[in-house]
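Peer 1: Supplied in structure tokens, the structure appears directly below.
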Amino acid sequence: MLKTASVEKDTLLEKSLIPIIDVSFGTDECLMKSVVNRVAVQLAKAMKEKGMAMLVNHGISEEKLKIAYHYFDDFCKLDEKTKELYLRKSENGNHGYVKPGQEKFDGKTKDIRHAFNICTLNAKLPDEPLPGFKEHIALLAKDFKNLTGLILQALAVALELPTNFFVEKHSHMLDIDNETTFRLLYYPPLIIDDEKNENFTKGSAKYCHQNTNFDETKLGSLNIKDENDIDETHINKSDVNKTFTRCGEHCDYGTFTLLVQDTEGGLEVKLPNSEKWQKVGHLGGAIFLNAGELLSIWTNGLYPALKHRVVIPENSVACTKGRHSIAYFVHPDNLTDIVPIDEPSPSASQEAINKKKTRKTSFKAARMKIYNAYQHVQKRLKETYAS
Ligand SMILES: O=C(O)CCC(=O)C(=O)O
Ligand SMILES: [Fe+2]
């Protein structure tokens with residue numbers, strides 16, 4: 001059995017049901033090629049059967065991640081007025097701060113978490129109140145971008161396409177004309193109220209100030225120093241995962257997502273062709289990779305998008321600890337046509353289209369769904385932020 005840092009029992013990691021892929025690569029080109037080929041074989045199996053994998057030896061240092069978590073804690077601690085200056089505004093795209101309760105990933109349940117979407121490093125970032133924020137995020141984002149390059153190559157090799165097939169379609173990540181997003185997340189500790197707490201207002205979530213002093217040596221015990229040090233969110237027992245949740249069920253919209261979490265805290269998935277929610281668990285230092293909707297459309301469902309959510313954990317240790325995560329949502333350049341790979345794109349020559357006429361029915365069906373990457377993500381974002 002795999003030794004994980006899970007406090008939850010019965011996790012997919014514990015049961016060795018999540019493929020673990022070693023992605024260590026150096027700067028040597030020959031070595032890199034052989035790593036791409038090996039990762040391609042493992043990724044093909046993982047994506048087909050599970051829609052997910054855990055990446056290890058990826059080279060992104062724990063230290064860099066921790067500093068990013070701390071920066072985001074400091075951001076969440078700023079007064080409301082300052083935070084408002086950085087709010088995500090739909091009319092300006094996806095960039096910016098998202099307050100707890102502002103998103104409903106499943107369309108009905110409010111997500112209790114702070115999020116900061118970074119779509120480009122040239123957009124407004126809290127460098128003034130938090131000197132060094134931008135510089136640090138830029139370094140970390142570069143690491144995620146490099147790792148993404150390797151995965152995009154491996155995916156192409158896995159699908160017997162030219163190695164740079166996907167790389168070329170993702171040439172503007174974190175730049176203009178591309179919706180790739182680096183997202184900082186903080187899930188506050190939760191106090192589930194049994195209605196005996198007199199500070200508790202029935203049916204509402206109350207946010208206090210942040211606890212930024214997370215201390216790994218306390219893993220497994222409550223991360224609460226004293227009453228004044230808690231960013232506690234009280235919620236009514238009957239509202240748990242009904243009115244409020246940590247992140248409602250959804251599939252990510254793009255090609256794939258890379259996700260790191262500092263601690264367990266309710267991440268669950270539905271394996272392909274299963275309706276059962278299963279706990280992921282926690283493998284310290286690993287990066288969780290999950291397939292998104294565009295990869296699924298591109299591969300005609302061969303690599304299904306992974307349904308996932310973050311629930312309010314039943315386990316009181318997992319529940320009363322704050323949780324940090326960072327998601328790197330990989331998106332193709334906006335004008336990329338999203339057409340199943342074995343179908344000609346609308347911009348392909350008439351000759352190529354004629355060649356495919358024998359498969360009239362399936363092509364017709366695919367054409368009905370043709371849109372570019374930008375149109376797809378905009379449609380999905382509208383659904384997520386509809387109040
Ligand atoms: O924080 C997590 O573990 C998952 C977040 C997530 O799925 C999302 O923001 O799309
Ligand atoms: Fe997600």
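By order in the structure tokens, chains are A, B, ...; within a chain, residues start at 1; ligands start at 1, following the order shown.
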Might you pull out every residue within 9 Å of Leu130 (chain A), with only C-alpha atoms counted and same-chain residues fewer than 2 positions away left off, and present them as number ranges by chain?
Peer 2: A: 71, 74-75, 126-128, 132-134
Peer 1: Give me the chain A side of the contact with ligand 1, cut-off 6 Å, one line per residue showing its nearest atom pair and distance in Å at one decimal, counting only C-alpha atoms and all ligand atoms, sorted by chain and residue number, as CSV.
Peer 2:
residue,atom,partner,partner_atom_place_in_ligand_line,distance
A:Asp252,CA,ligand 1,10 (O),5.8
A:Leu267,CA,ligand 1,3 (O),5.5
A:Arg309,CA,ligand 1,7 (O),6.0
A:Ser325,CA,ligand 1,1 (O),5.0
Peer 1: Please give me, as JSON, numbers by chain, the residues lying within 9 Å of ligand 2 when counting only C-alpha atoms and all ligand atoms.
Peer 2: {"A": [105, 247, 248, 249, 250, 251, 252, 253, 257, 259, 290, 292, 306, 307, 308, 309, 310, 327, 329]}
Peer 1: Next, dump the selected residues to file, keeping only C-alpha atoms, as a PDB file, in the first residue's frame.
Peer 2:
ATOM      1  CA  PHE A 105     -19.095  25.522  -9.866  1.00  0.00           C
ATOM      2  CA  CYS A 247     -15.803  23.623  -4.742  1.00  0.00           C
ATOM      3  CA  GLY A 248     -18.838  22.216  -6.533  1.00  0.00           C
ATOM      4  CA  GLU A 249     -18.683  19.349  -9.008  1.00  0.00           C
ATOM      5  CA  HIS A 250     -17.358  20.243 -12.448  1.00  0.00           C
ATOM      6  CA  CYS A 251     -14.921  19.349 -15.205  1.00  0.00           C
ATOM      7  CA  ASP A 252     -12.193  21.847 -16.020  1.00  0.00           C
ATOM      8  CA  TYR A 253     -12.815  23.600 -19.312  1.00  0.00           C
ATOM      9  CA  THR A 257      -5.022  21.122 -15.280  1.00  0.00           C
ATOM     10  CA  LEU A 259      -2.981  20.999  -9.336  1.00  0.00           C
ATOM     11  CA  ASN A 290      -6.573  15.964 -14.747  1.00  0.00           C
ATOM     12  CA  GLY A 292     -10.188  18.909 -19.255  1.00  0.00           C
ATOM     13  CA  LEU A 306     -12.364  14.261 -15.142  1.00  0.00           C
ATOM     14  CA  LYS A 307     -15.328  15.187 -12.960  1.00  0.00           C
ATOM     15  CA  HIS A 308     -14.111  16.504  -9.626  1.00  0.00           C
ATOM     16  CA  ARG A 309     -15.127  18.580  -6.619  1.00  0.00           C
ATOM     17  CA  VAL A 310     -13.811  19.626  -3.207  1.00  0.00           C
ATOM     18  CA  ALA A 327      -4.251  25.178 -10.165  1.00  0.00           C
ATOM     19  CA  PHE A 329      -5.420  25.569 -16.109  1.00  0.00           C
TER      20      PHE A 329
END
Peer 1: Quick one: DSSP alpha helix (DSSP H) residues in region 100-183 of chain A, as a ChimeraX atom specification?
Peer 2: /A:133-158,165-169
Peer 1: Selected residues, C-alpha atoms, written as a short mmCIF file (atom, residue, chain, number, x, y, z; two decimals), in the first residue's frame, please.
Peer 2:
data_model
loop_
_atom_site.label_atom_id
_atom_site.label_comp_id
_atom_site.auth_asym_id
_atom_site.auth_seq_id
_atom_site.Cartn_x
_atom_site.Cartn_y
_atom_site.Cartn_z
CA PHE A 133 4.27 38.99 -5.28
CA LYS A 134 4.52 39.41 -9.05
CA GLU A 135 8.16 38.37 -9.23
CA HIS A 136 7.54 35.21 -7.25
CA ILE A 137 4.41 34.21 -9.16
CA ALA A 138 6.24 34.82 -12.44
CA LEU A 139 8.97 32.36 -11.40
CA LEU A 140 6.48 29.73 -10.34
CA ALA A 141 4.30 30.20 -13.40
CA LYS A 142 7.38 29.63 -15.57
CA ASP A 143 7.93 26.28 -13.84
CA PHE A 144 4.34 25.25 -14.53
CA LYS A 145 4.69 26.40 -18.12
CA ASN A 146 7.83 24.28 -18.62
CA LEU A 147 6.19 21.22 -17.15
CA THR A 148 3.15 21.84 -19.36
CA GLY A 149 5.45 21.82 -22.40
CA LEU A 150 6.62 18.32 -21.54
CA ILE A 151 3.07 17.07 -20.99
CA LEU A 152 1.83 18.61 -24.25
CA GLN A 153 4.61 16.85 -26.14
CA ALA A 154 3.91 13.55 -24.41
CA LEU A 155 0.19 13.84 -25.19
CA ALA A 156 0.95 14.38 -28.88
CA VAL A 157 3.31 11.39 -28.99
CA ALA A 158 0.70 9.31 -27.15
CA PHE A 165 1.14 19.32 -32.38
CA PHE A 166 -0.22 20.59 -29.04
CA VAL A 167 2.73 22.82 -28.16
CA GLU A 168 2.01 24.93 -31.25
CA LYS A 169 -1.61 25.30 -30.21
#
Peer 1: In Å, with one decimal, what is the gap from CA of His172 (chain A) to CA of Asn334 (chain A)?
Peer 2: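 Interatomic distance, CA of His172 (chain A) to CA of Asn334 (chain A): 9.0 Å.
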Peer 1: In Å, how far is it from CA of His324 (chain A) to CA of Thr11 (chain A)?
Peer 2: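 Separation between CA of His324 (chain A) and CA of Thr11 (chain A): 19.2 Å.
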Peer 1: I'd like the interatomic distance between CA of Ala115 (chain A) and CA of Gly96 (chain A), to a tenth of an Å.
Peer 2: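 Interatomic distance, CA of Ala115 (chain A) to CA of Gly96 (chain A): 8.2 Å.
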